[in-house]
>>> print(open('final06.cif').read())   # mmCIF, C-alpha atoms and all ligand atoms
data_entry
#
loop_
_atom_site.label_atom_id
_atom_site.label_comp_id
_atom_site.auth_asym_id
_atom_site.auth_seq_id
_atom_site.Cartn_x
_atom_site.Cartn_y
_atom_site.Cartn_z
CA MET A 4 -0.36 -16.72 21.75
CA ASN A 5 2.74 -14.54 22.10
CA ASP A 6 2.68 -10.73 21.97
CA THR A 7 3.61 -10.45 18.29
CA LEU A 8 0.91 -12.93 17.23
CA ARG A 9 -1.64 -11.11 19.38
CA ILE A 10 -0.75 -7.79 17.73
CA ILE A 11 -1.18 -9.35 14.28
CA GLU A 12 -4.46 -10.99 15.32
CA GLU A 13 -5.95 -7.83 16.81
CA ARG A 14 -4.90 -5.33 14.14
CA VAL A 15 -7.67 -3.76 12.11
CA SER A 16 -7.50 -1.00 9.52
CA LEU A 17 -8.11 2.11 11.60
CA ARG A 18 -10.01 5.01 10.03
CA ARG A 19 -10.83 7.05 13.18
CA TYR A 20 -8.14 8.40 15.43
CA SER A 21 -7.95 9.76 18.95
CA GLU A 22 -6.84 13.36 19.47
CA LYS A 23 -3.49 12.18 20.82
CA GLU A 24 -0.53 13.32 18.72
CA ILE A 25 2.24 10.93 17.72
CA ASP A 26 5.39 12.33 19.27
CA LYS A 27 8.71 12.50 17.47
CA GLU A 28 10.33 9.70 19.41
CA THR A 29 7.45 7.29 18.78
CA LEU A 30 7.38 8.15 15.08
CA ASN A 31 11.14 7.69 14.89
CA GLN A 32 10.74 4.22 16.39
CA ILE A 33 8.17 3.34 13.70
CA LEU A 34 10.44 4.67 10.95
CA TYR A 35 13.46 2.87 12.38
CA SER A 36 11.49 -0.40 12.48
CA ALA A 37 10.40 0.09 8.86
CA MET A 38 14.04 0.57 7.88
CA ARG A 39 14.99 -2.69 9.66
CA ALA A 40 12.66 -4.60 7.28
CA PRO A 41 14.25 -7.01 4.80
CA THR A 42 15.22 -5.29 1.57
CA ALA A 43 16.40 -6.82 -1.72
CA GLY A 44 20.21 -6.81 -1.82
CA ASN A 45 20.14 -4.49 1.21
CA MET A 46 19.55 -1.73 -1.35
CA MET A 47 16.60 -0.02 0.37
CA MET A 48 14.95 0.85 -2.94
CA TYR A 49 12.37 3.06 -1.27
CA SER A 50 11.95 6.35 0.54
CA ILE A 51 9.49 7.27 3.25
CA ILE A 52 7.80 10.66 3.12
CA VAL A 53 6.47 11.79 6.50
CA ILE A 54 3.42 14.01 6.08
CA ARG A 55 2.08 16.04 9.01
CA ASN A 56 1.19 19.23 7.15
CA GLN A 57 -2.58 19.76 7.24
CA GLU A 58 -2.79 21.33 3.80
CA MET A 59 -0.98 18.38 2.26
CA LYS A 60 -3.19 15.88 4.09
CA ASP A 61 -6.28 17.80 2.94
CA LYS A 62 -5.11 17.60 -0.65
CA LEU A 63 -4.31 13.89 -0.44
CA SER A 64 -7.68 13.16 1.12
CA VAL A 65 -9.24 14.53 -2.08
CA THR A 66 -6.82 13.13 -4.67
CA CYS A 67 -6.97 9.67 -3.07
CA ASP A 68 -10.60 9.10 -4.01
CA ASP A 69 -12.13 11.52 -1.51
CA GLN A 70 -11.42 9.78 1.77
CA PRO A 71 -11.80 12.51 4.45
CA PHE A 72 -10.31 10.40 7.25
CA ILE A 73 -6.89 10.82 5.61
CA ALA A 74 -6.99 14.51 6.59
CA LYS A 75 -7.80 13.60 10.18
CA ALA A 76 -4.85 11.25 10.73
CA PRO A 77 -2.09 12.94 12.76
CA VAL A 78 0.57 11.40 10.52
CA VAL A 79 0.55 10.04 6.98
CA LEU A 80 3.49 7.99 5.72
CA LEU A 81 4.06 7.61 2.02
CA PHE A 82 6.29 4.72 0.98
CA VAL A 83 7.63 5.33 -2.50
CA ALA A 84 9.42 2.76 -4.64
CA ASP A 85 12.71 4.49 -5.37
CA MET A 86 15.41 3.61 -7.90
CA GLU A 87 16.29 7.27 -8.43
CA LYS A 88 19.09 7.27 -5.81
CA TRP A 89 20.74 4.09 -7.08
CA HIS A 90 20.40 5.25 -10.70
CA ARG A 91 22.06 8.56 -9.78
CA TYR A 92 24.80 6.73 -7.87
CA PHE A 93 25.44 4.39 -10.79
CA LYS A 94 25.71 7.38 -13.11
CA LEU A 95 28.08 9.12 -10.69
CA SER A 96 30.10 5.90 -10.58
CA ASP A 97 30.67 6.24 -14.32
CA MET A 98 28.76 3.13 -15.23
CA ASP A 99 28.75 4.12 -18.90
CA ALA A 100 32.57 3.89 -19.02
CA PHE A 101 32.51 0.67 -17.00
CA GLU A 102 30.03 -0.94 -19.37
CA GLU A 103 31.86 0.29 -22.45
CA LYS A 104 35.00 -1.40 -21.16
CA ARG A 105 32.98 -4.61 -20.76
CA GLY A 106 31.41 -4.25 -24.20
CA GLY A 107 27.94 -3.55 -22.84
CA THR A 108 25.68 -0.59 -22.13
CA TYR A 109 24.45 0.70 -18.79
CA SER A 110 20.88 -0.46 -17.95
CA PRO A 111 18.80 2.28 -16.39
CA PRO A 112 16.15 1.11 -13.90
CA SER A 113 14.15 -1.68 -15.55
CA LYS A 114 10.75 -3.16 -14.80
CA ALA A 115 12.59 -5.82 -12.75
CA ASP A 116 14.10 -3.08 -10.58
CA MET A 117 10.61 -1.62 -10.30
CA MET A 118 9.17 -4.91 -9.02
CA LEU A 119 11.89 -5.16 -6.40
CA ALA A 120 11.53 -1.52 -5.39
CA VAL A 121 7.76 -1.96 -5.01
CA SER A 122 8.36 -5.09 -2.89
CA ASP A 123 10.89 -3.21 -0.75
CA ALA A 124 8.51 -0.27 -0.21
CA LEU A 125 5.58 -2.46 0.82
CA ILE A 126 7.62 -4.71 3.10
CA ALA A 127 8.91 -1.62 4.89
CA ALA A 128 5.36 -0.25 5.09
CA GLN A 129 3.97 -3.42 6.64
CA THR A 130 6.81 -3.47 9.15
CA ALA A 131 5.81 0.08 10.11
CA VAL A 132 2.21 -1.13 10.54
CA ILE A 133 3.23 -3.82 13.02
CA ALA A 134 5.66 -1.54 14.89
CA ALA A 135 2.91 1.09 15.20
CA GLU A 136 0.36 -1.48 16.43
CA SER A 137 2.78 -2.62 19.10
CA MET A 138 2.69 0.95 20.47
CA GLY A 139 -1.11 1.35 20.32
CA ILE A 140 -1.10 3.20 17.01
CA GLY A 141 -3.45 2.04 14.28
CA SER A 142 -3.07 2.52 10.55
CA CYS A 143 -4.81 2.20 7.23
CA TYR A 144 -3.31 1.67 3.79
CA ILE A 145 -4.52 4.02 1.10
CA GLY A 146 -4.36 2.15 -2.21
CA ASP A 147 -5.81 5.18 -3.98
CA ILE A 148 -2.40 6.83 -3.88
CA LEU A 149 -1.98 4.90 -7.16
CA GLU A 150 -4.47 7.30 -8.73
CA ASN A 151 -3.74 10.75 -10.13
CA TYR A 152 -0.06 10.00 -10.70
CA GLU A 153 0.66 13.30 -12.45
CA ILE A 154 -0.90 15.31 -9.60
CA HIS A 155 0.95 13.34 -6.89
CA ARG A 156 4.24 13.56 -8.77
CA GLU A 157 3.93 17.33 -8.82
CA LEU A 158 2.55 17.68 -5.29
CA LEU A 159 5.22 15.49 -3.70
CA ASN A 160 8.13 16.43 -5.93
CA LEU A 161 8.71 12.88 -7.21
CA PRO A 162 11.48 12.37 -9.77
CA GLN A 163 11.32 9.88 -12.64
CA TYR A 164 12.27 6.66 -10.86
CA VAL A 165 10.15 7.23 -7.77
CA LEU A 166 6.63 5.83 -7.62
CA PRO A 167 4.02 6.42 -4.91
CA ILE A 168 3.17 2.88 -3.88
CA GLY A 169 2.04 2.54 -0.28
CA MET A 170 0.38 5.21 1.78
CA LEU A 171 -0.42 4.73 5.45
CA THR A 172 -2.49 6.85 7.78
CA LEU A 173 -1.36 6.60 11.40
CA GLY A 174 -3.08 7.55 14.64
CA TYR A 175 -3.83 6.25 18.11
CA TYR A 176 -6.85 4.03 18.68
CA GLU A 177 -9.65 5.89 20.46
CA GLU A 178 -10.35 4.82 24.02
CA ASN A 179 -13.06 2.12 24.06
CA PHE A 180 -12.65 1.57 20.32
CA LYS A 181 -14.40 -1.69 19.51
CA ARG A 182 -12.24 -3.77 17.23
CA ASN A 183 -14.22 -5.70 14.69
CA PRO A 184 -11.78 -7.86 12.77
CA ARG A 185 -12.91 -8.65 9.22
CA SER A 186 -13.15 -12.28 8.17
CA ARG A 187 -10.82 -13.85 5.66
CA PHE A 188 -11.24 -16.57 3.01
CA ASP A 189 -10.72 -20.09 4.30
CA SER A 190 -7.04 -21.03 4.19
CA LYS A 191 -7.75 -23.95 1.84
CA PHE A 192 -8.34 -21.38 -0.91
CA ILE A 193 -5.23 -19.42 -0.09
CA VAL A 194 -2.54 -21.82 1.09
CA PHE A 195 -1.48 -24.56 -1.34
CA ASN A 196 1.02 -27.34 -0.83
CA GLU A 197 4.09 -27.57 -3.01
CA LYS A 198 2.38 -26.39 -6.23
CA TYR A 199 -0.33 -23.95 -7.20
CA LYS A 200 -3.77 -25.53 -7.11
CA ASN A 201 -6.07 -24.47 -9.90
CA LEU A 202 -9.45 -24.34 -8.20
CA THR A 203 -12.52 -25.84 -9.88
CA ASP A 204 -15.61 -23.70 -10.53
CA GLU A 205 -17.22 -25.44 -7.57
CA ASP A 206 -14.24 -24.50 -5.36
CA ILE A 207 -14.53 -20.86 -6.48
CA LYS A 208 -18.25 -20.82 -5.69
CA GLU A 209 -17.54 -22.30 -2.28
CA MET A 210 -14.78 -19.74 -1.69
CA PHE A 211 -17.24 -16.88 -2.11
CA GLY A 212 -20.18 -18.79 -0.57
CA GLU A 213 -20.18 -16.90 2.72
CA GLU A 214 -20.25 -13.52 0.95
CA GLU A 215 -22.92 -14.73 -1.47
CA LYS A 216 -25.11 -15.70 1.50
CA LYS A 217 -24.96 -12.13 2.80
CA PHE A 218 -25.81 -10.62 -0.62
CA VAL A 219 -28.85 -8.38 -0.77
CA SER A 220 -30.62 -7.97 -4.11
CA ASN A 221 -31.79 -4.35 -3.69
CA ASN A 222 -28.31 -2.84 -3.86
CA ARG A 223 -27.32 0.42 -5.50
CA TYR A 224 -25.41 -1.27 -8.31
CA GLY A 225 -28.40 -3.18 -9.64
CA ALA A 226 -26.27 -6.29 -9.18
CA GLU A 227 -27.80 -9.74 -9.15
CA ASN A 228 -25.09 -11.47 -7.18
CA TYR A 229 -22.16 -10.68 -4.88
CA GLY A 230 -19.60 -10.84 -7.71
CA GLN A 231 -21.47 -8.20 -9.73
CA MET A 232 -21.90 -6.03 -6.67
CA PHE A 233 -18.23 -6.22 -5.69
CA TYR A 234 -17.11 -5.49 -9.26
CA GLY A 235 -19.57 -2.58 -9.48
CA ARG A 236 -18.22 -1.14 -6.24
CA LYS A 237 -14.53 -1.71 -6.93
CA ASN A 238 -12.90 -3.09 -10.09
CA GLY A 239 -15.58 -1.73 -12.42
CA SER A 240 -15.96 1.64 -10.70
CA GLU A 241 -14.91 5.14 -11.75
CA PHE A 242 -12.10 5.30 -9.17
CA PHE A 243 -10.66 2.06 -10.48
CA LYS A 244 -10.77 3.39 -14.04
CA GLU A 245 -8.64 6.30 -12.83
CA MET A 246 -6.28 3.90 -11.03
CA ARG A 247 -5.78 1.88 -14.23
CA ARG A 248 -5.04 5.03 -16.23
CA SER A 249 -2.69 6.41 -13.60
CA VAL A 250 -0.69 3.18 -13.22
CA GLU A 251 -0.29 2.93 -17.01
CA GLU A 252 1.16 6.44 -16.88
CA MET A 253 3.59 5.41 -14.10
CA LEU A 254 4.75 2.43 -16.16
CA LYS A 255 5.27 4.65 -19.22
CA ASN A 256 7.27 7.13 -17.18
CA TRP A 257 9.62 4.43 -15.84
CA LYS A 258 11.42 4.29 -19.20
CA TYR A 259 13.88 1.55 -19.98
C1 LIG B 301 -2.94 -2.23 -0.68
C2 LIG B 301 -4.09 -1.81 0.20
C3 LIG B 301 -4.85 -0.71 -0.15
C4 LIG B 301 -5.90 -0.28 0.68
N1 LIG B 301 -6.55 0.88 0.37
C5 LIG B 301 -7.50 1.35 1.20
C6 LIG B 301 -8.10 2.61 0.97
O1 LIG B 301 -7.79 3.32 0.01
N2 LIG B 301 -9.04 3.03 1.86
C7 LIG B 301 -9.40 2.31 2.96
O2 LIG B 301 -10.25 2.77 3.73
N3 LIG B 301 -8.84 1.10 3.22
C8 LIG B 301 -7.89 0.61 2.38
N4 LIG B 301 -7.26 -0.58 2.66
C9 LIG B 301 -7.64 -1.35 3.84
C10 LIG B 301 -8.44 -2.59 3.46
O3 LIG B 301 -9.74 -2.20 3.10
C11 LIG B 301 -8.44 -3.55 4.66
O4 LIG B 301 -7.13 -4.00 4.88
C12 LIG B 301 -9.33 -4.77 4.39
O5 LIG B 301 -10.68 -4.39 4.26
C13 LIG B 301 -9.23 -5.78 5.53
O6 LIG B 301 -9.56 -5.18 6.75
P1 LIG B 301 -8.53 -5.15 7.98
O7 LIG B 301 -7.26 -4.47 7.53
O8 LIG B 301 -9.23 -4.37 9.07
O9 LIG B 301 -8.28 -6.57 8.37
C14 LIG B 301 -6.22 -1.02 1.84
C15 LIG B 301 -5.44 -2.12 2.18
C16 LIG B 301 -4.39 -2.51 1.39
C17 LIG B 301 -3.54 -3.68 1.82
#
>>> encode(input="final06.cif", output="structure tokens")
Amino acid sequence: MNDTLRIIEERVSLRRYSEKEIDKETLNQILYSAMRAPTAGNMMMYSIIVIRNQEMKDKLSVTCDDQPFIAKAPVVLLFVADMEKWHRYFKLSDMDAFEEKRGGTYSPPSKADMMLAVSDALIAAQTAVIAAESMGIGSCYIGDILENYEIHRELLNLPQYVLPIGMLTLGYYEENFKRNPRSRFDSKFIVFNEKYKNLTDEDIKEMFGEEEKKFVSNNRYGAENYGQMFYGRKNGSEFFKEMRRSVEEMLKNWKY
């Protein structure tokens, strides 16, 4: 196994950090690596917000579904999908006149642009994850940045065509930290050849078989199987309700 594969194999989402600070040079290397990531049309439809301020981290640890470890990470990186800069540039480039000459009208950022900007932001984020790992720095994505859109927009000064998409906590692994990599589904349920494979009900049951085996019936959701328990904990929970509401608001705001 080469070094890159080993780093990928050994990475875990890190939610406890050593006291060691991340110095400027190291952080710059992580940011530089993120910016070397592939990006649609070389447009870099994202921005990276570096958050070290304790008050800001404290606030985010509450607004992102009360996850106190966020406040304890030395650095938080927020990757925002960003069409604002291109939209402004197109406007400054007199796109309305250009389109009029061509008999068309200027298209402000569309949902297609949004999809590409979200892809760009997350690809850059994951590149930062791997760069950080290679220097002994662990990370954890915070999906709950998708919640409370209005609060985050205000808090982080986000204009119309900028969406908070990927948040990462960063910090060094503690000495003697015991890595416990989480299992994954078997590749036969994930990797298909040439065309999508619609799994049978039996396949689906087999896919979740390992989790079902570990299911305990006296759980706090009153669930009778693993599916019900998972849904109760995640997709059917209060925080997910907020995430659904917040994302609808983001989509509404990205007018086209
Ligand atoms: C998009 C995304 C959102 C996530 N959000 C959170 C989160 O809000 N809080 C958290 O503790 N972990 C979060 N995680 C980490 C996952 O729980 C973790 O990746 C998963 O359990 C697999 O574990 P591993 O990363 O250690 O392999 C998120 C991961 C991704 C990719």
>>> atom_distance(input="final06.cif", atom1="atom N4 of ligand LIG 301 (chain B)", atom2="CA of Glu197 (chain A)")
29.8 Å
>>> atom_distance(input="final06.cif", atom1="CA of Leu8 (chain A)", atom2="CA of Met118 (chain A)")
28.7 Å
>>> residues_near_ligand(input="final06.cif", ligand="ligand LIG 301 (chain B)", cutoff="8 Å", atoms="all atoms listed in the file", output="ChimeraX atom specification")
/A:14-18,67-68,70,143-148,169,183-186
>>> atom_distance(input="final06.cif", atom1="CA of Arg9 (chain A)", atom2="CA of Ser137 (chain A)")
9.6 Å
>>> closest_residue(input="final06.cif", among="A:Lys237, A:Lys200, A:Lys255, A:Arg39", to="Ala127 (chain A)", atoms="only C-alpha atoms")
A:Arg39
>>> residues_around(input="final06.cif", residues="Ala115 (chain A)", least_positions_apart="4", cutoff="12 Å", atoms="only C-alpha atoms", output="PyMOL selection string")
chain A and resi 43+86+110-111+119-122+254+257+259
>>> residues_around(input="final06.cif", residues="region 206-212 of chain A", least_positions_apart="6", cutoff="10 Å", atoms="all atoms listed in the file", output="list in words")
Phe188, Asp189, Ser190, Lys191, Phe192, Ile193, Phe218, Tyr229 and Gly230 of chain A
>>> axis_aligned_box(input="final06.cif", around="region 141-160 of chain A", padding_each_side="6 Å", output="AutoDock Vina command-line options")
--center_x 1.2 --center_y 9.7 --center_z 0.9 --size_x 25.9 --size_y 28.0 --size_z 38.7
>>> closest_residue(input="final06.cif", among="A:Phe233, A:Tyr152, A:Tyr35, A:Tyr20", to="Ala74 (chain A)", atoms="only C-alpha atoms")
A:Tyr20
>>> closest_residue(input="final06.cif", among="A:Lys27, A:Asp123, A:Asn56, A:Glu22", to="Thr42 (chain A)", atoms="only C-alpha atoms")
A:Asp123
>>> closest_residue(input="final06.cif", among="A:Gly139, A:Leu171, A:Asp6, A:Met117", to="Val53 (chain A)", atoms="all atoms listed in the file")
A:Leu171
>>> closest_residue(input="final06.cif", among="A:Val83, A:Leu125, A:Leu159, A:Ile133", to="Glu13 (chain A)", atoms="all atoms listed in the file")
A:Ile133
>>> closest_residue(input="final06.cif", among="A:Leu161, A:Gly107, A:Gly141, A:Asn151", to="Met246 (chain A)", atoms="all atoms listed in the file")
A:Asn151
>>> build_atoms(input="final06.cif", residues="region 167-197 of chain A", atoms="N, CA and C atoms", output="PDB file, keeping the file's coordinate frame")
ATOM      1  N   PRO A 167       4.793   6.488  -6.164  1.00  0.00           N
ATOM      2  CA  PRO A 167       4.020   6.420  -4.910  1.00  0.00           C
ATOM      3  C   PRO A 167       3.284   5.086  -4.845  1.00  0.00           C
ATOM      4  N   ILE A 168       3.660   4.255  -3.891  1.00  0.00           N
ATOM      5  CA  ILE A 168       3.170   2.880  -3.880  1.00  0.00           C
ATOM      6  C   ILE A 168       2.292   2.567  -2.664  1.00  0.00           C
ATOM      7  N   GLY A 169       2.785   2.930  -1.476  1.00  0.00           N
ATOM      8  CA  GLY A 169       2.040   2.540  -0.280  1.00  0.00           C
ATOM      9  C   GLY A 169       1.843   3.736   0.635  1.00  0.00           C
ATOM     10  N   MET A 170       0.597   4.103   0.852  1.00  0.00           N
ATOM     11  CA  MET A 170       0.380   5.210   1.780  1.00  0.00           C
ATOM     12  C   MET A 170      -0.319   4.680   3.020  1.00  0.00           C
ATOM     13  N   LEU A 171       0.146   5.168   4.171  1.00  0.00           N
ATOM     14  CA  LEU A 171      -0.420   4.730   5.450  1.00  0.00           C
ATOM     15  C   LEU A 171      -0.873   5.932   6.253  1.00  0.00           C
ATOM     16  N   THR A 172      -2.085   5.868   6.783  1.00  0.00           N
ATOM     17  CA  THR A 172      -2.490   6.850   7.780  1.00  0.00           C
ATOM     18  C   THR A 172      -2.132   6.253   9.140  1.00  0.00           C
ATOM     19  N   LEU A 173      -1.721   7.089  10.060  1.00  0.00           N
ATOM     20  CA  LEU A 173      -1.360   6.600  11.400  1.00  0.00           C
ATOM     21  C   LEU A 173      -2.044   7.456  12.466  1.00  0.00           C
ATOM     22  N   GLY A 174      -2.510   6.813  13.513  1.00  0.00           N
ATOM     23  CA  GLY A 174      -3.080   7.550  14.640  1.00  0.00           C
ATOM     24  C   GLY A 174      -3.422   6.578  15.771  1.00  0.00           C
ATOM     25  N   TYR A 175      -3.512   7.123  16.973  1.00  0.00           N
ATOM     26  CA  TYR A 175      -3.830   6.250  18.110  1.00  0.00           C
ATOM     27  C   TYR A 175      -5.278   5.763  18.027  1.00  0.00           C
ATOM     28  N   TYR A 176      -5.496   4.548  18.518  1.00  0.00           N
ATOM     29  CA  TYR A 176      -6.850   4.030  18.680  1.00  0.00           C
ATOM     30  C   TYR A 176      -7.577   4.914  19.701  1.00  0.00           C
ATOM     31  N   GLU A 177      -8.865   5.156  19.459  1.00  0.00           N
ATOM     32  CA  GLU A 177      -9.650   5.890  20.460  1.00  0.00           C
ATOM     33  C   GLU A 177      -9.878   4.970  21.654  1.00  0.00           C
ATOM     34  N   GLU A 178     -10.040   5.617  22.824  1.00  0.00           N
ATOM     35  CA  GLU A 178     -10.350   4.820  24.020  1.00  0.00           C
ATOM     36  C   GLU A 178     -11.685   4.115  23.770  1.00  0.00           C
ATOM     37  N   ASN A 179     -11.813   2.908  24.230  1.00  0.00           N
ATOM     38  CA  ASN A 179     -13.060   2.120  24.060  1.00  0.00           C
ATOM     39  C   ASN A 179     -13.390   1.797  22.604  1.00  0.00           C
ATOM     40  N   PHE A 180     -12.411   1.956  21.721  1.00  0.00           N
ATOM     41  CA  PHE A 180     -12.650   1.570  20.320  1.00  0.00           C
ATOM     42  C   PHE A 180     -12.939   0.075  20.248  1.00  0.00           C
ATOM     43  N   LYS A 181     -14.034  -0.272  19.585  1.00  0.00           N
ATOM     44  CA  LYS A 181     -14.400  -1.690  19.510  1.00  0.00           C
ATOM     45  C   LYS A 181     -13.833  -2.287  18.233  1.00  0.00           C
ATOM     46  N   ARG A 182     -12.874  -3.170  18.408  1.00  0.00           N
ATOM     47  CA  ARG A 182     -12.240  -3.770  17.230  1.00  0.00           C
ATOM     48  C   ARG A 182     -13.169  -4.823  16.642  1.00  0.00           C
ATOM     49  N   ASN A 183     -13.339  -4.749  15.349  1.00  0.00           N
ATOM     50  CA  ASN A 183     -14.220  -5.700  14.690  1.00  0.00           C
ATOM     51  C   ASN A 183     -13.470  -6.334  13.527  1.00  0.00           C
ATOM     52  N   PRO A 184     -12.638  -7.332  13.834  1.00  0.00           N
ATOM     53  CA  PRO A 184     -11.780  -7.860  12.770  1.00  0.00           C
ATOM     54  C   PRO A 184     -12.590  -8.453  11.620  1.00  0.00           C
ATOM     55  N   ARG A 185     -12.190  -8.138  10.397  1.00  0.00           N
ATOM     56  CA  ARG A 185     -12.910  -8.650   9.220  1.00  0.00           C
ATOM     57  C   ARG A 185     -12.498 -10.090   8.961  1.00  0.00           C
ATOM     58  N   SER A 186     -13.436 -10.861   8.423  1.00  0.00           N
ATOM     59  CA  SER A 186     -13.150 -12.280   8.170  1.00  0.00           C
ATOM     60  C   SER A 186     -12.229 -12.405   6.960  1.00  0.00           C
ATOM     61  N   ARG A 187     -11.679 -13.560   6.797  1.00  0.00           N
ATOM     62  CA  ARG A 187     -10.820 -13.850   5.660  1.00  0.00           C
ATOM     63  C   ARG A 187     -11.344 -15.101   4.945  1.00  0.00           C
ATOM     64  N   PHE A 188     -10.899 -15.318   3.702  1.00  0.00           N
ATOM     65  CA  PHE A 188     -11.240 -16.570   3.010  1.00  0.00           C
ATOM     66  C   PHE A 188     -10.657 -17.735   3.800  1.00  0.00           C
ATOM     67  N   ASP A 189     -11.262 -18.893   3.651  1.00  0.00           N
ATOM     68  CA  ASP A 189     -10.720 -20.090   4.300  1.00  0.00           C
ATOM     69  C   ASP A 189      -9.319 -20.373   3.749  1.00  0.00           C
ATOM     70  N   SER A 190      -8.447 -20.833   4.608  1.00  0.00           N
ATOM     71  CA  SER A 190      -7.040 -21.030   4.190  1.00  0.00           C
ATOM     72  C   SER A 190      -6.905 -22.049   3.061  1.00  0.00           C
ATOM     73  N   LYS A 191      -7.899 -22.960   2.923  1.00  0.00           N
ATOM     74  CA  LYS A 191      -7.750 -23.950   1.840  1.00  0.00           C
ATOM     75  C   LYS A 191      -7.800 -23.308   0.448  1.00  0.00           C
ATOM     76  N   PHE A 192      -8.318 -22.076   0.382  1.00  0.00           N
ATOM     77  CA  PHE A 192      -8.340 -21.380  -0.910  1.00  0.00           C
ATOM     78  C   PHE A 192      -7.126 -20.476  -1.091  1.00  0.00           C
ATOM     79  N   ILE A 193      -6.346 -20.375  -0.072  1.00  0.00           N
ATOM     80  CA  ILE A 193      -5.230 -19.420  -0.090  1.00  0.00           C
ATOM     81  C   ILE A 193      -3.873 -20.114   0.016  1.00  0.00           C
ATOM     82  N   VAL A 194      -3.825 -21.144   0.832  1.00  0.00           N
ATOM     83  CA  VAL A 194      -2.540 -21.820   1.090  1.00  0.00           C
ATOM     84  C   VAL A 194      -2.523 -23.160   0.349  1.00  0.00           C
ATOM     85  N   PHE A 195      -1.579 -23.320  -0.569  1.00  0.00           N
ATOM     86  CA  PHE A 195      -1.480 -24.560  -1.340  1.00  0.00           C
ATOM     87  C   PHE A 195      -0.187 -25.268  -0.992  1.00  0.00           C
ATOM     88  N   ASN A 196      -0.188 -26.581  -1.142  1.00  0.00           N
ATOM     89  CA  ASN A 196       1.020 -27.340  -0.830  1.00  0.00           C
ATOM     90  C   ASN A 196       1.849 -27.628  -2.069  1.00  0.00           C
ATOM     91  N   GLU A 197       3.065 -27.249  -2.012  1.00  0.00           N
ATOM     92  CA  GLU A 197       4.090 -27.570  -3.010  1.00  0.00           C
ATOM     93  C   GLU A 197       3.864 -26.945  -4.393  1.00  0.00           C
TER      94      GLU A 197
END
